[in-house]
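*Asks:* Input structure: work.cif, which contains mmCIF, C-alpha atoms; chains and numbers go by the auth columns.
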data_protein
#
loop_
_atom_site.group_PDB
_atom_site.id
_atom_site.type_symbol
_atom_site.label_atom_id
_atom_site.label_comp_id
_atom_site.label_asym_id
_atom_site.label_seq_id
_atom_site.Cartn_x
_atom_site.Cartn_y
_atom_site.Cartn_z
_atom_site.B_iso_or_equiv
_atom_site.auth_seq_id
_atom_site.auth_asym_id
ATOM 1 C CA MET A 1 -5.715 -10.273 2.405 0.00 1 G
ATOM 2 C CA GLU A 2 -3.960 -7.301 3.962 0.00 2 G
ATOM 3 C CA GLU A 3 -0.370 -6.146 3.570 0.00 3 G
ATOM 4 C CA GLU A 4 1.380 -3.337 5.377 0.00 4 G
ATOM 5 C CA PHE A 5 4.101 -1.431 3.570 0.00 5 G
ATOM 6 C CA PHE A 6 6.786 0.825 4.972 0.00 6 G
ATOM 7 C CA LEU A 7 7.433 3.876 2.811 0.00 7 G
ATOM 8 C CA VAL A 8 11.071 4.273 1.879 0.00 8 G
ATOM 9 C CA ASP A 9 12.993 6.925 0.007 0.00 9 G
ATOM 10 C CA PRO A 10 13.995 5.488 -3.381 0.00 10 G
ATOM 11 C CA ASP A 11 17.322 7.327 -3.271 0.00 11 G
ATOM 12 C CA ASP A 12 18.689 6.216 0.080 0.00 12 G
ATOM 13 C CA GLY A 13 16.301 3.489 1.306 0.00 13 G
ATOM 14 C CA ALA A 14 15.477 5.358 4.513 0.00 14 G
ATOM 15 C CA VAL A 15 11.975 5.026 5.927 0.00 15 G
ATOM 16 C CA ARG A 16 10.017 8.254 5.390 0.00 16 G
ATOM 17 C CA GLU A 17 6.859 9.818 6.829 0.00 17 G
ATOM 18 C CA ALA A 18 4.989 10.021 3.522 0.00 18 G
ATOM 19 C CA ALA A 19 1.612 8.295 3.859 0.00 19 G
ATOM 20 C CA SER A 20 -0.373 11.530 3.529 0.00 20 G
ATOM 21 C CA ARG A 21 1.440 12.249 0.241 0.00 21 G
ATOM 22 C CA VAL A 22 1.222 8.699 -1.145 0.00 22 G
ATOM 23 C CA LEU A 23 -2.361 7.786 -0.282 0.00 23 G
ATOM 24 C CA PRO A 24 -4.286 10.290 -2.446 0.00 24 G
ATOM 25 C CA ALA A 25 -2.739 8.963 -5.662 0.00 25 G
ATOM 26 C CA ALA A 26 -3.140 5.342 -4.587 0.00 26 G
ATOM 27 C CA VAL A 27 -6.775 5.880 -3.578 0.00 27 G
ATOM 28 C CA ALA A 28 -7.436 7.523 -6.953 0.00 28 G
ATOM 29 C CA ALA A 29 -6.118 4.358 -8.623 0.00 29 G
ATOM 30 C CA VAL A 30 -7.684 1.608 -6.487 0.00 30 G
ATOM 31 C CA GLY A 31 -10.132 3.276 -4.120 0.00 31 G
ATOM 32 C CA GLY A 32 -10.684 1.680 -0.736 0.00 32 G
ATOM 33 C CA LEU A 33 -8.146 -1.072 -1.373 0.00 33 G
ATOM 34 C CA VAL A 34 -5.511 1.160 0.239 0.00 34 G
ATOM 35 C CA SER A 35 -5.517 3.056 3.510 0.00 35 G
ATOM 36 C CA GLY A 36 -3.285 4.585 6.106 0.00 36 G
ATOM 37 C CA GLU A 37 -1.811 2.686 8.998 0.00 37 G
ATOM 38 C CA PHE A 38 -0.800 3.576 12.533 0.00 38 G
ATOM 39 C CA SER A 39 1.971 5.904 11.442 0.00 39 G
ATOM 40 C CA GLU A 40 2.914 8.164 8.548 0.00 40 G
ATOM 41 C CA TYR A 41 5.632 5.633 7.744 0.00 41 G
ATOM 42 C CA GLN A 42 3.174 2.958 6.580 0.00 42 G
ATOM 43 C CA VAL A 43 0.275 2.293 4.249 0.00 43 G
ATOM 44 C CA GLU A 44 -1.948 -0.746 3.905 0.00 44 G
ATOM 45 C CA GLY A 45 -3.096 -2.613 0.837 0.00 45 G
ATOM 46 C CA LYS A 46 -6.007 -5.010 0.993 0.00 46 G
ATOM 47 C CA THR A 47 -8.088 -7.186 -1.257 0.00 47 G
ATOM 48 C CA PRO A 48 -11.733 -8.142 -1.101 0.00 48 G
ATOM 49 C CA PRO A 49 -12.458 -11.815 -0.404 0.00 49 G
ATOM 50 C CA CYS A 50 -11.296 -14.001 -3.285 0.00 50 G
ATOM 51 C CA SER A 51 -12.456 -17.465 -4.274 0.00 51 G
ATOM 52 C CA ASP A 52 -9.238 -18.584 -5.961 0.00 52 G
ATOM 53 C CA GLY A 53 -5.506 -18.010 -5.923 0.00 53 G
ATOM 54 C CA ALA A 54 -5.298 -16.481 -9.388 0.00 54 G
ATOM 55 C CA GLY A 55 -7.862 -13.827 -8.494 0.00 55 G
ATOM 56 C CA LEU A 56 -6.044 -13.054 -5.259 0.00 56 G
ATOM 57 C CA LEU A 57 -2.701 -12.679 -7.028 0.00 57 G
ATOM 58 C CA ALA A 58 -4.218 -10.364 -9.645 0.00 58 G
ATOM 59 C CA ARG A 59 -5.737 -8.125 -6.975 0.00 59 G
ATOM 60 C CA ILE A 60 -2.558 -8.058 -4.914 0.00 60 G
ATOM 61 C CA ALA A 61 -0.551 -7.092 -7.999 0.00 61 G
ATOM 62 C CA ARG A 62 -2.975 -4.261 -8.782 0.00 62 G
ATOM 63 C CA VAL A 63 -2.798 -2.841 -5.251 0.00 63 G
ATOM 64 C CA ARG A 64 0.984 -3.151 -5.109 0.00 64 G
ATOM 65 C CA ALA A 65 1.346 -1.435 -8.479 0.00 65 G
ATOM 66 C CA ALA A 66 -0.890 1.449 -7.371 0.00 66 G
ATOM 67 C CA LEU A 67 1.092 1.940 -4.168 0.00 67 G
ATOM 68 C CA SER A 68 4.401 1.698 -5.970 0.00 68 G
ATOM 69 C CA ALA A 69 3.350 4.269 -8.562 0.00 69 G
ATOM 70 C CA ALA A 70 2.021 6.602 -5.876 0.00 70 G
#
Do you think you could lay out the structure here as structure tokens?

*Replies:*
Amino acid sequence: MEEEFFLVDPDDGAVREAASRVLPAAVAAVGGLVSGEFSEYQVEGKTPPCSDGAGLLARIARVRAALSAA
């Protein structure tokens, strides 16, 4: 599964060009499960193929947490 995320400023909610600042920390946490997108305003989270819903949800949560922390 893939999800694209817009990067927003936590103070004012405005979309920010921050992918090059966010990705290094996220990659350190989850490796190739995160990558850049078409613009500096977005990043992508992805999971490997999963055989069940519980496994998919756990992987999605891990990727989301890494991106949020970054």

*Asks:* Just checking: using all atoms listed in the file, which residue out of G:Ser68, G:Gly55, G:Ile60, G:Gly36 ends up closest to Val8 (chain G)?

*Replies:*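 Result for the nearest residue to Val8 (chain G): G:Ser68.
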
*Asks:* Check which residues satisfy the PyMOL selection byres ((chain G and resi 3) around 6) in the file shown, then give them as number ranges by chain.

*Replies:* G: 2, 4, 44-45

*Asks:* Mind telling me what the PyMOL selection byres ((chain G and resi 37) around 12) catches here, as an MDAnalysis selection string?

*Replies:* chainID G and resid 2:7 17:20 23 34:36 38:46

*Asks:* Write the selection just made, keeping C-alpha atoms, as a PDB file, in the coordinates of the input?

*Replies:*
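To be explicit, this is the file written out as out-v8.pdb:
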ATOM      1  CA  GLU G   2      -3.960  -7.301   3.962  1.00  0.00           C
ATOM      2  CA  GLU G   3      -0.370  -6.146   3.570  1.00  0.00           C
ATOM      3  CA  GLU G   4       1.380  -3.337   5.377  1.00  0.00           C
ATOM      4  CA  PHE G   5       4.101  -1.431   3.570  1.00  0.00           C
ATOM      5  CA  PHE G   6       6.786   0.825   4.972  1.00  0.00           C
ATOM      6  CA  LEU G   7       7.433   3.876   2.811  1.00  0.00           C
ATOM      7  CA  GLU G  17       6.859   9.818   6.829  1.00  0.00           C
ATOM      8  CA  ALA G  18       4.989  10.021   3.522  1.00  0.00           C
ATOM      9  CA  ALA G  19       1.612   8.295   3.859  1.00  0.00           C
ATOM     10  CA  SER G  20      -0.373  11.530   3.529  1.00  0.00           C
ATOM     11  CA  LEU G  23      -2.361   7.786  -0.282  1.00  0.00           C
ATOM     12  CA  VAL G  34      -5.511   1.160   0.239  1.00  0.00           C
ATOM     13  CA  SER G  35      -5.517   3.056   3.510  1.00  0.00           C
ATOM     14  CA  GLY G  36      -3.285   4.585   6.106  1.00  0.00           C
ATOM     15  CA  PHE G  38      -0.800   3.576  12.533  1.00  0.00           C
ATOM     16  CA  SER G  39       1.971   5.904  11.442  1.00  0.00           C
ATOM     17  CA  GLU G  40       2.914   8.164   8.548  1.00  0.00           C
ATOM     18  CA  TYR G  41       5.632   5.633   7.744  1.00  0.00           C
ATOM     19  CA  GLN G  42       3.174   2.958   6.580  1.00  0.00           C
ATOM     20  CA  VAL G  43       0.275   2.293   4.249  1.00  0.00           C
ATOM     21  CA  GLU G  44      -1.948  -0.746   3.905  1.00  0.00           C
ATOM     22  CA  GLY G  45      -3.096  -2.613   0.837  1.00  0.00           C
ATOM     23  CA  LYS G  46      -6.007  -5.010   0.993  1.00  0.00           C
TER      24      LYS G  46
END

*Asks:* Calculated over only C-alpha atoms, which of the candidates G:Ser51, G:Ala26, G:Gly31, G:Arg16 has the smallest distance to Arg64 (chain G)?

*Replies:*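 Answer, going by the shortest atom-to-atom distance: G:Ala26.
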
*Asks:* Looking at G:Pro10, G:Gly53, G:Pro24, G:Pro48, which one is nearest to Ala70 (chain G), with distances taken over all atoms listed in the file?

*Replies:* G:Pro24

*Asks:* Between CA of Cys50 (chain G) and CA of Leu33 (chain G), what is the distance in Å, rounded to a tenth?

*Replies:*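 Here the two named atoms are 13.4 Å from each other.
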
*Asks:* By how many Å are CA of Ala65 (chain G) and CA of Gly13 (chain G) apart?

*Replies:*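 We find that CA of Ala65 (chain G) and CA of Gly13 (chain G) lie 18.5 Å from each other.
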
*Asks:* Rounded to one decimal place, report the CA of Pro49 (chain G)-CA of Gly32 (chain G) distance in Å.

*Replies:* 13.6 Å

*Asks:* Find the residues around Val30 (chain G) up to 8 Å (only C-alpha atoms counted), leave out those fewer than 6 positions away in its own chain, and share them as a ChimeraX atom specification.

*Replies:* /G:62-63,66

*Asks:* Measuring atom to atom with all atoms listed in the file, identify which of G:Ala29, G:Asp9, G:Met1, G:Ala14 is nearest to Leu67 (chain G).

*Replies:*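 Among the listed residues, the smallest separation from Leu67 (chain G) belongs to G:Ala29.
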
*Asks:* Can I get region 28-39 of chain G with all heavy atoms filled in, as a compact mmCIF listing (two decimals), keeping the file's coordinate frame?

*Replies:*
# COMPACT_ATOMS: atom_id res chain seq x y z
N ALA G 28 -6.89 7.18 -5.64
CA ALA G 28 -7.44 7.52 -6.95
C ALA G 28 -7.34 6.33 -7.90
O ALA G 28 -8.21 6.15 -8.76
CB ALA G 28 -6.70 8.73 -7.54
N ALA G 29 -6.32 5.50 -7.73
CA ALA G 29 -6.12 4.36 -8.62
C ALA G 29 -6.94 3.13 -8.22
O ALA G 29 -7.47 2.44 -9.08
CB ALA G 29 -4.64 3.99 -8.68
N VAL G 30 -7.03 2.85 -6.92
CA VAL G 30 -7.68 1.61 -6.49
C VAL G 30 -8.72 1.79 -5.38
O VAL G 30 -9.19 0.81 -4.79
CB VAL G 30 -6.64 0.54 -6.06
CG1 VAL G 30 -5.81 0.10 -7.24
CG2 VAL G 30 -5.78 1.03 -4.92
N GLY G 31 -9.07 3.03 -5.09
CA GLY G 31 -10.13 3.28 -4.12
C GLY G 31 -9.81 2.76 -2.73
O GLY G 31 -8.70 2.90 -2.24
N GLY G 32 -10.79 2.14 -2.11
CA GLY G 32 -10.68 1.68 -0.74
C GLY G 32 -9.78 0.48 -0.52
O GLY G 32 -9.73 -0.05 0.59
N LEU G 33 -9.07 0.06 -1.54
CA LEU G 33 -8.15 -1.07 -1.37
C LEU G 33 -6.83 -0.65 -0.74
O LEU G 33 -5.97 -1.48 -0.46
CB LEU G 33 -7.88 -1.76 -2.71
CG LEU G 33 -9.10 -2.37 -3.40
CD1 LEU G 33 -8.70 -3.01 -4.72
CD2 LEU G 33 -9.80 -3.37 -2.50
N VAL G 34 -6.68 0.65 -0.46
CA VAL G 34 -5.51 1.16 0.24
C VAL G 34 -5.97 2.10 1.35
O VAL G 34 -7.02 2.74 1.25
CB VAL G 34 -4.53 1.91 -0.70
CG1 VAL G 34 -3.92 0.95 -1.71
CG2 VAL G 34 -5.21 3.05 -1.41
N SER G 35 -5.18 2.16 2.41
CA SER G 35 -5.52 3.06 3.51
C SER G 35 -4.25 3.34 4.31
O SER G 35 -3.22 2.70 4.12
CB SER G 35 -6.59 2.44 4.42
OG SER G 35 -6.11 1.24 5.00
N GLY G 36 -4.39 4.28 5.23
CA GLY G 36 -3.28 4.58 6.11
C GLY G 36 -3.16 3.54 7.19
O GLY G 36 -4.03 2.69 7.37
N GLU G 37 -2.07 3.61 7.90
CA GLU G 37 -1.81 2.69 9.00
C GLU G 37 -1.61 3.50 10.27
O GLU G 37 -1.99 4.64 10.33
CB GLU G 37 -0.57 1.84 8.68
CG GLU G 37 -0.88 0.48 8.08
CD GLU G 37 -1.66 -0.42 9.01
OE1 GLU G 37 -1.35 -0.54 10.21
OE2 GLU G 37 -2.61 -1.04 8.52
N PHE G 38 -0.97 2.92 11.25
CA PHE G 38 -0.80 3.58 12.53
C PHE G 38 0.15 4.76 12.50
O PHE G 38 0.11 5.62 13.36
CB PHE G 38 -0.31 2.57 13.59
CG PHE G 38 -1.32 1.50 13.87
CD1 PHE G 38 -1.07 0.20 13.49
CD2 PHE G 38 -2.51 1.80 14.48
CE1 PHE G 38 -1.99 -0.80 13.74
CE2 PHE G 38 -3.46 0.82 14.72
CZ PHE G 38 -3.19 -0.49 14.36
N SER G 39 1.02 4.80 11.51
CA SER G 39 1.97 5.90 11.44
C SER G 39 2.07 6.42 10.02
O SER G 39 1.60 5.78 9.08
CB SER G 39 3.36 5.44 11.91
OG SER G 39 3.99 4.66 10.91
